[in-house]
Amino acid sequence: METRMVYYEEPYRRELTATVTEIRSDGVVLDQTICYPEGGGQGGDRGTIGHAPLLDTTKAKDGTILHHIENAPFAVGDEVEIVLDWARRHHFMRLHTAQHMTSGILHQEFSIPTVSVHLGERIMMIECATDEITTDVAYRVEDLVNQRILEDHPVHSETHDRASAEALGLRRSIKVAGDNIRLVTVDGVDTIACGGLHVAHTAEIARLYYMGQERIRGHVRLIFTVADVATEEIRKRSEAVEALTALFSAPVEELVDVATHAVAAAQAERSELGRIKDQWAALRLETLAGKSHDAILWEVEESITLKEVSHAVSEREDLLLCAAKGEGENRFSWLIAAKGSGAERFDFSLQRTALLDGFAAKGGGRGGVYQGSATGDCSSFLARFRELVN
Ligand SMILES: [Zn+2]
């Protein structure tokens with residue numbers, strides 16, 4: 001027996017008593033249900049069935065509506081009470097109706113077709129068959145939809161046979177099989193074939209909020225939300241701006257300029273600091289080279305990174321050096337330079353195993369400079385290197 005889809009007859013019904021007709025490994029089947037199964041871009045309903053959590057509702061390949069309940073605490077023939085997670089369902093109904101209206105306005109007023117739609121738990125994305133939608137156009141779409149929402153257009157559905165549905169020349173081709181086509185109309189705004197659930201009047205959507213866009217596969221994806229989620233998103237952005245105006249001591253109108261300058265100044269200072277640290281590393285290397293007429297062993301200071309050591313090393317053509325820097329927790333990183341006459345005294349490819357094995361060290365390099373990480377302590381590594389040098 002096929003499950004009666006009460007969600008189509010009474011989309012606002014939140015509770016229903018049903019009878020369990022089958023308990024399958026992939027879900028519970030009922031004689032009738034108010035739970036919408038995932039499909040057409042709309043998520044499956046949640047809630048409780050017989051007090052057990054309803055995790056999801058889906059449709060099997062054969063069309064059976066499956067209620068996902070772990071260890072169902074009832075048997076075939078039992079009467080159970082379905083209680084919907086209404087906040088979730090109602091959000092989907094509002095989001096879905098707003099999507100029809102937005103795609104309708106995009107099509108009618110701007111000749112922009114909708115390619116695909118994603119209705120999320122909070123936001124929706126409308127992928128449009130165009131490579132550019134200016135902010136101006138996006139705002140006009142948002143304004144037009146909000147105007148229609150306020151005008152409180154009725155939303156209704158009728159079942160048509162395929163021929164009469166196709167004769168209407170809808171903006172989207174009919175994707176479902178069969179001869180009974182469910183057409184959903186937002187009066188004066190849009191009509192398409194759809195199997196989802198919608199609000200009865202557009203005023204229920206309260207507001208459409210344009211959140212931005214992203215590029216995908218040469219298309220533009222517009223991002224929107226509605227109703228109380230829109231209010232939350234607007235407040236979140238407003239709070240972030242407020243915190244930034246305090247942080248930069250700038251009014252909203254100047255915030256982007258002030259922040260842009262601050263970021264640019266920080267970048268300039270960072271590169272200046274990098275230059276000074278490179279100089280500092282080169283000076284340290286010069287001092288160590290002056291003191292030692294042999295291989296240079298360098299336990300690198302906290303204030304210098306091995307990147308700066310490698311910059312200093314790259315300036316020299318004749319060098320034999322082993323540098324190591326503790327990274328905490330018995331770990332260290334190392335750098336070896338064997339260039340010019342140094343390369344005659346230490347051959348990394350030949351000595352690699354003898355040097356690295358005792359320290360579980362990894363790494364490599366070329367052009368006489370080798371780098372990596374290791375376990376153990378720096379000074380034993382430097383001593384080991386010293387032993388291996390000719
Ligand atoms: Zn729909």
# chains A, B, ... in the order shown; residues from 1 in each chain; ligands from 1
>>> residues_near_ligand(ligand="ligand 1", cutoff="10 Å", atoms="only C-alpha atoms and all ligand atoms", output="VMD selection string")
chain A and resid 40 to 42 92 to 93 95 to 101 157 182 to 185 191 to 199
>>> select_by_dssp(residues="segment 126-359 of chain A", states="helix (DSSP H, G or I)", output="compact mmCIF listing (two decimals) with N, CA and C atoms, in the first residue's frame")
# COMPACT_ATOMS: atom_id res chain seq x y z
N THR A 135 26.18 43.85 -8.70
CA THR A 135 25.54 44.04 -7.39
C THR A 135 24.24 44.82 -7.58
N ASP A 136 24.28 45.77 -8.50
CA ASP A 136 23.11 46.57 -8.80
C ASP A 136 21.92 45.71 -9.22
N VAL A 137 22.18 44.77 -10.13
CA VAL A 137 21.11 43.88 -10.60
C VAL A 137 20.65 42.97 -9.45
N ALA A 138 21.61 42.45 -8.69
CA ALA A 138 21.24 41.58 -7.57
C ALA A 138 20.34 42.32 -6.57
N TYR A 139 20.65 43.59 -6.31
CA TYR A 139 19.83 44.39 -5.40
C TYR A 139 18.44 44.65 -5.99
N ARG A 140 18.38 44.85 -7.31
CA ARG A 140 17.08 45.09 -7.94
C ARG A 140 16.22 43.83 -7.86
N VAL A 141 16.85 42.67 -8.06
CA VAL A 141 16.12 41.40 -7.92
C VAL A 141 15.59 41.28 -6.49
N GLU A 142 16.47 41.56 -5.53
CA GLU A 142 16.10 41.47 -4.11
C GLU A 142 14.91 42.41 -3.81
N ASP A 143 14.99 43.65 -4.32
CA ASP A 143 13.92 44.63 -4.08
C ASP A 143 12.59 44.19 -4.70
N LEU A 144 12.67 43.70 -5.95
CA LEU A 144 11.44 43.27 -6.63
C LEU A 144 10.78 42.10 -5.90
N VAL A 145 11.61 41.13 -5.46
CA VAL A 145 11.05 39.98 -4.74
C VAL A 145 10.44 40.45 -3.41
N ASN A 146 11.15 41.34 -2.71
CA ASN A 146 10.62 41.84 -1.43
C ASN A 146 9.30 42.58 -1.61
N GLN A 147 9.19 43.30 -2.71
CA GLN A 147 7.93 43.98 -3.02
C GLN A 147 6.79 42.97 -3.18
N ARG A 148 7.06 41.89 -3.94
CA ARG A 148 6.05 40.84 -4.15
C ARG A 148 5.72 40.13 -2.83
N ILE A 149 6.72 39.97 -1.98
CA ILE A 149 6.48 39.33 -0.68
C ILE A 149 5.48 40.17 0.12
N LEU A 150 5.73 41.48 0.14
CA LEU A 150 4.85 42.41 0.87
C LEU A 150 3.44 42.44 0.29
N ARG A 162 0.35 16.30 -18.82
CA ARG A 162 1.60 16.77 -19.39
C ARG A 162 1.40 17.76 -20.55
N ALA A 163 0.47 17.42 -21.45
CA ALA A 163 0.26 18.26 -22.64
C ALA A 163 -0.15 19.68 -22.25
N SER A 164 -1.09 19.80 -21.31
CA SER A 164 -1.55 21.15 -20.96
C SER A 164 -0.48 21.89 -20.16
N ALA A 165 0.32 21.16 -19.35
CA ALA A 165 1.41 21.80 -18.61
C ALA A 165 2.46 22.32 -19.58
N GLU A 166 2.81 21.48 -20.57
CA GLU A 166 3.84 21.89 -21.53
C GLU A 166 3.38 23.06 -22.40
N ALA A 167 2.08 23.12 -22.67
CA ALA A 167 1.52 24.20 -23.49
C ALA A 167 1.66 25.57 -22.82
N THR A 202 2.73 34.78 0.16
CA THR A 202 4.14 35.21 0.14
C THR A 202 4.54 36.04 1.37
N ALA A 203 3.57 36.71 2.03
CA ALA A 203 3.93 37.54 3.19
C ALA A 203 4.60 36.71 4.29
N GLU A 204 4.34 35.40 4.30
CA GLU A 204 4.95 34.52 5.30
C GLU A 204 6.47 34.47 5.20
N ILE A 205 7.00 34.81 4.02
CA ILE A 205 8.45 34.77 3.82
C ILE A 205 9.11 35.94 4.57
N ALA A 227 13.42 35.52 6.04
CA ALA A 227 12.76 35.54 7.36
C ALA A 227 13.72 35.74 8.51
N ASP A 228 13.56 34.95 9.60
CA ASP A 228 14.37 35.19 10.81
C ASP A 228 15.84 34.89 10.59
N VAL A 229 16.15 33.97 9.67
CA VAL A 229 17.57 33.71 9.38
C VAL A 229 18.19 34.95 8.74
N ALA A 230 17.39 35.65 7.90
CA ALA A 230 17.87 36.90 7.29
C ALA A 230 18.20 37.91 8.39
N THR A 231 17.31 38.04 9.36
CA THR A 231 17.54 38.97 10.47
C THR A 231 18.83 38.60 11.21
N GLU A 232 19.02 37.31 11.48
CA GLU A 232 20.24 36.86 12.17
C GLU A 232 21.49 37.21 11.37
N GLU A 233 21.42 36.95 10.05
CA GLU A 233 22.59 37.21 9.20
C GLU A 233 22.90 38.71 9.13
N ILE A 234 21.85 39.53 9.05
CA ILE A 234 22.04 40.99 8.99
C ILE A 234 22.68 41.47 10.30
N ARG A 235 22.19 40.95 11.42
CA ARG A 235 22.73 41.37 12.72
C ARG A 235 24.19 40.93 12.88
N LYS A 236 24.49 39.72 12.40
CA LYS A 236 25.86 39.20 12.48
C LYS A 236 26.82 40.14 11.75
N ARG A 237 26.41 40.57 10.53
CA ARG A 237 27.26 41.47 9.75
C ARG A 237 27.38 42.83 10.43
N SER A 238 26.26 43.30 10.96
CA SER A 238 26.24 44.59 11.61
C SER A 238 27.16 44.59 12.84
N GLU A 239 27.14 43.50 13.61
CA GLU A 239 28.01 43.40 14.79
C GLU A 239 29.48 43.36 14.39
N ALA A 240 29.78 42.66 13.30
CA ALA A 240 31.17 42.58 12.83
C ALA A 240 31.66 43.98 12.43
N VAL A 241 30.81 44.72 11.72
CA VAL A 241 31.19 46.07 11.29
C VAL A 241 31.39 46.97 12.51
N GLU A 242 30.50 46.83 13.49
CA GLU A 242 30.60 47.64 14.71
C GLU A 242 31.92 47.36 15.42
N ALA A 243 32.29 46.08 15.53
CA ALA A 243 33.55 45.72 16.19
C ALA A 243 34.74 46.29 15.41
N LEU A 244 34.65 46.27 14.08
CA LEU A 244 35.75 46.78 13.25
C LEU A 244 35.86 48.30 13.33
N THR A 245 34.71 49.00 13.41
CA THR A 245 34.79 50.47 13.53
C THR A 245 35.46 50.84 14.85
N ALA A 246 35.23 50.05 15.91
CA ALA A 246 35.88 50.31 17.19
C ALA A 246 37.37 49.99 17.09
N LEU A 247 37.70 48.86 16.46
CA LEU A 247 39.10 48.42 16.34
C LEU A 247 39.93 49.42 15.54
N VAL A 252 31.83 54.04 9.82
CA VAL A 252 31.50 53.01 8.82
C VAL A 252 31.91 53.45 7.41
N GLU A 253 31.65 54.73 7.07
CA GLU A 253 31.92 55.22 5.72
C GLU A 253 33.40 55.12 5.36
N GLU A 254 34.27 55.19 6.36
CA GLU A 254 35.71 55.20 6.09
C GLU A 254 36.37 53.86 6.40
N LEU A 255 35.56 52.93 6.90
CA LEU A 255 36.12 51.68 7.43
C LEU A 255 36.97 50.91 6.41
N VAL A 256 36.46 50.75 5.19
CA VAL A 256 37.17 49.95 4.20
C VAL A 256 38.51 50.61 3.85
N ASP A 257 38.50 51.95 3.68
CA ASP A 257 39.74 52.68 3.37
C ASP A 257 40.76 52.53 4.49
N VAL A 258 40.30 52.76 5.72
CA VAL A 258 41.20 52.71 6.87
C VAL A 258 41.77 51.30 7.03
N ALA A 259 40.91 50.28 6.87
CA ALA A 259 41.37 48.90 7.02
C ALA A 259 42.34 48.52 5.90
N THR A 260 42.06 48.99 4.66
CA THR A 260 42.95 48.72 3.53
C THR A 260 44.34 49.30 3.79
N HIS A 261 44.36 50.55 4.29
CA HIS A 261 45.65 51.18 4.59
C HIS A 261 46.38 50.44 5.70
N ALA A 262 45.64 50.03 6.72
CA ALA A 262 46.27 49.34 7.85
C ALA A 262 46.89 48.01 7.40
N VAL A 263 46.17 47.30 6.54
CA VAL A 263 46.69 46.01 6.05
C VAL A 263 47.94 46.25 5.19
N ALA A 264 47.89 47.28 4.33
CA ALA A 264 49.04 47.59 3.47
C ALA A 264 50.24 47.99 4.33
N ALA A 265 50.00 48.81 5.38
CA ALA A 265 51.10 49.23 6.26
C ALA A 265 51.69 48.02 6.99
N ALA A 266 50.84 47.10 7.43
CA ALA A 266 51.33 45.91 8.13
C ALA A 266 52.17 45.05 7.19
N GLN A 267 51.73 44.96 5.93
CA GLN A 267 52.49 44.16 4.94
C GLN A 267 53.86 44.79 4.69
N ALA A 268 53.89 46.13 4.56
CA ALA A 268 55.15 46.83 4.33
C ALA A 268 56.10 46.61 5.51
N GLU A 269 55.55 46.69 6.73
CA GLU A 269 56.38 46.49 7.91
C GLU A 269 56.89 45.06 8.00
N ARG A 270 56.02 44.13 7.60
CA ARG A 270 56.43 42.73 7.64
C ARG A 270 57.59 42.48 6.67
N SER A 271 57.51 43.07 5.47
CA SER A 271 58.59 42.81 4.51
C SER A 271 59.87 43.54 4.94
N GLU A 272 59.72 44.71 5.59
CA GLU A 272 60.88 45.42 6.13
C GLU A 272 61.53 44.59 7.24
N LEU A 273 60.69 44.03 8.10
CA LEU A 273 61.20 43.19 9.18
C LEU A 273 61.92 41.97 8.61
N GLY A 274 61.37 41.40 7.54
CA GLY A 274 61.99 40.24 6.89
C GLY A 274 63.38 40.60 6.37
N ARG A 275 63.47 41.80 5.80
CA ARG A 275 64.76 42.26 5.27
C ARG A 275 65.78 42.42 6.41
N ILE A 276 65.33 43.00 7.53
CA ILE A 276 66.23 43.20 8.67
C ILE A 276 66.65 41.86 9.26
N LYS A 277 65.72 40.91 9.31
CA LYS A 277 66.06 39.59 9.86
C LYS A 277 67.05 38.86 8.95
N ASP A 278 66.89 39.06 7.63
CA ASP A 278 67.85 38.48 6.69
C ASP A 278 69.25 39.05 6.94
N GLN A 279 69.27 40.37 7.16
CA GLN A 279 70.57 41.03 7.43
C GLN A 279 71.19 40.50 8.72
N TRP A 280 70.35 40.36 9.70
CA TRP A 280 70.78 39.85 11.02
C TRP A 280 71.35 38.43 10.89
N ALA A 281 70.67 37.59 10.10
CA ALA A 281 71.15 36.22 9.89
C ALA A 281 72.48 36.24 9.13
N ALA A 282 72.60 37.12 8.14
CA ALA A 282 73.85 37.21 7.36
C ALA A 282 75.01 37.67 8.26
N LEU A 283 74.70 38.62 9.16
CA LEU A 283 75.73 39.11 10.10
C LEU A 283 76.19 38.01 11.06
N ARG A 284 75.21 37.24 11.56
CA ARG A 284 75.53 36.13 12.48
C ARG A 284 76.43 35.11 11.75
N LEU A 285 76.06 34.83 10.50
CA LEU A 285 76.84 33.86 9.72
C LEU A 285 78.27 34.38 9.51
N GLU A 286 78.36 35.69 9.25
CA GLU A 286 79.69 36.28 9.04
C GLU A 286 80.54 36.15 10.30
N THR A 287 79.93 36.44 11.47
CA THR A 287 80.64 36.33 12.74
C THR A 287 81.11 34.90 12.98
N LEU A 288 80.20 33.94 12.77
CA LEU A 288 80.55 32.53 12.99
C LEU A 288 81.66 32.09 12.04
N ALA A 289 81.58 32.55 10.79
CA ALA A 289 82.59 32.17 9.78
C ALA A 289 83.95 32.78 10.15
N GLY A 290 83.92 33.99 10.72
CA GLY A 290 85.16 34.65 11.11
C GLY A 290 85.85 33.91 12.25
N LYS A 291 85.06 33.37 13.18
CA LYS A 291 85.61 32.67 14.35
C LYS A 291 86.16 31.30 13.99
N LEU A 306 65.18 29.29 10.01
CA LEU A 306 66.05 28.59 9.04
C LEU A 306 65.86 29.16 7.63
N LYS A 307 64.70 29.78 7.39
CA LYS A 307 64.48 30.42 6.09
C LYS A 307 65.50 31.57 5.92
N GLU A 308 65.71 32.32 7.01
CA GLU A 308 66.67 33.42 6.94
C GLU A 308 68.10 32.89 6.84
N VAL A 309 68.35 31.75 7.53
CA VAL A 309 69.67 31.11 7.40
C VAL A 309 69.90 30.72 5.94
N SER A 310 68.85 30.15 5.32
CA SER A 310 69.03 29.70 3.93
C SER A 310 69.26 30.90 3.00
N HIS A 311 68.62 32.05 3.29
CA HIS A 311 68.90 33.26 2.50
C HIS A 311 70.36 33.68 2.65
N ALA A 312 70.86 33.67 3.90
CA ALA A 312 72.24 34.08 4.18
C ALA A 312 73.22 33.14 3.47
N VAL A 313 72.89 31.83 3.51
CA VAL A 313 73.74 30.81 2.90
C VAL A 313 73.80 30.97 1.38
N SER A 314 72.66 31.38 0.80
CA SER A 314 72.59 31.48 -0.66
C SER A 314 73.53 32.57 -1.21
N SER A 341 84.63 24.55 -1.73
CA SER A 341 85.55 23.59 -1.11
C SER A 341 84.83 22.77 -0.03
N GLY A 342 83.74 23.34 0.51
CA GLY A 342 82.94 22.62 1.52
C GLY A 342 82.36 21.33 0.95
N ALA A 343 82.01 21.37 -0.36
CA ALA A 343 81.42 20.20 -1.00
C ALA A 343 82.42 19.06 -1.10
N GLU A 344 83.72 19.39 -1.09
CA GLU A 344 84.76 18.34 -1.15
C GLU A 344 84.91 17.65 0.20
N ARG A 345 84.53 18.35 1.27
CA ARG A 345 84.70 17.80 2.62
C ARG A 345 83.47 17.06 3.13
N PHE A 348 76.74 15.13 0.79
CA PHE A 348 75.45 14.82 1.43
C PHE A 348 74.91 13.47 0.99
N SER A 349 75.00 13.19 -0.34
CA SER A 349 74.40 11.94 -0.82
C SER A 349 75.11 10.71 -0.24
N LEU A 350 76.41 10.83 0.02
CA LEU A 350 77.16 9.69 0.58
C LEU A 350 76.96 9.59 2.10
N GLN A 351 76.90 10.72 2.78
CA GLN A 351 76.89 10.75 4.24
C GLN A 351 75.48 10.82 4.83
N ARG A 352 74.53 10.97 3.97
CA ARG A 352 73.15 11.18 4.39
C ARG A 352 72.68 10.18 5.45
N THR A 353 72.83 8.89 5.16
CA THR A 353 72.36 7.86 6.08
C THR A 353 73.10 7.95 7.42
N ALA A 354 74.42 8.08 7.36
CA ALA A 354 75.23 8.14 8.58
C ALA A 354 74.83 9.32 9.45
N LEU A 355 74.45 10.41 8.82
CA LEU A 355 74.09 11.61 9.59
C LEU A 355 72.65 11.55 10.10
N LEU A 356 71.72 11.20 9.20
CA LEU A 356 70.30 11.38 9.52
C LEU A 356 69.69 10.23 10.31
N ASP A 357 70.19 9.01 10.11
CA ASP A 357 69.50 7.83 10.66
C ASP A 357 69.28 7.87 12.17
N GLY A 358 70.29 8.30 12.92
CA GLY A 358 70.16 8.30 14.38
C GLY A 358 69.14 9.32 14.88
N PHE A 359 68.65 10.18 14.01
CA PHE A 359 67.75 11.27 14.45
C PHE A 359 66.37 11.19 13.81
>>> atom_distance(atom1="atom CA of Thr159 of chain A", atom2="atom CA of Thr17 of chain A")
26.7 Å
>>> select_by_dssp(residues="segment 4-68 of chain A", states="strand (DSSP E or B)", output="PyMOL selection string")
chain A and resi 4-5+15-24+27-30+32-33+39+42+47-49+52-54+56-59+65-68
>>> closest_residue(among="A:Asp190, A:Gly218, A:Gly365, A:Met124", to="Leu168 of chain A", atoms="only C-alpha atoms")
A:Asp190
>>> atom_distance(atom1="atom CA of Tyr36 of chain A", atom2="atom CA of Asn71 of chain A")
21.1 Å
>>> closest_residue(among="A:Leu320, A:Val6, A:Val220, A:Leu30", to="Ile112 of chain A", atoms="only C-alpha atoms")
A:Val220
>>> atom_distance(atom1="atom CA of Gly43 of chain A", atom2="atom CA of Val80 of chain A")
22.7 Å
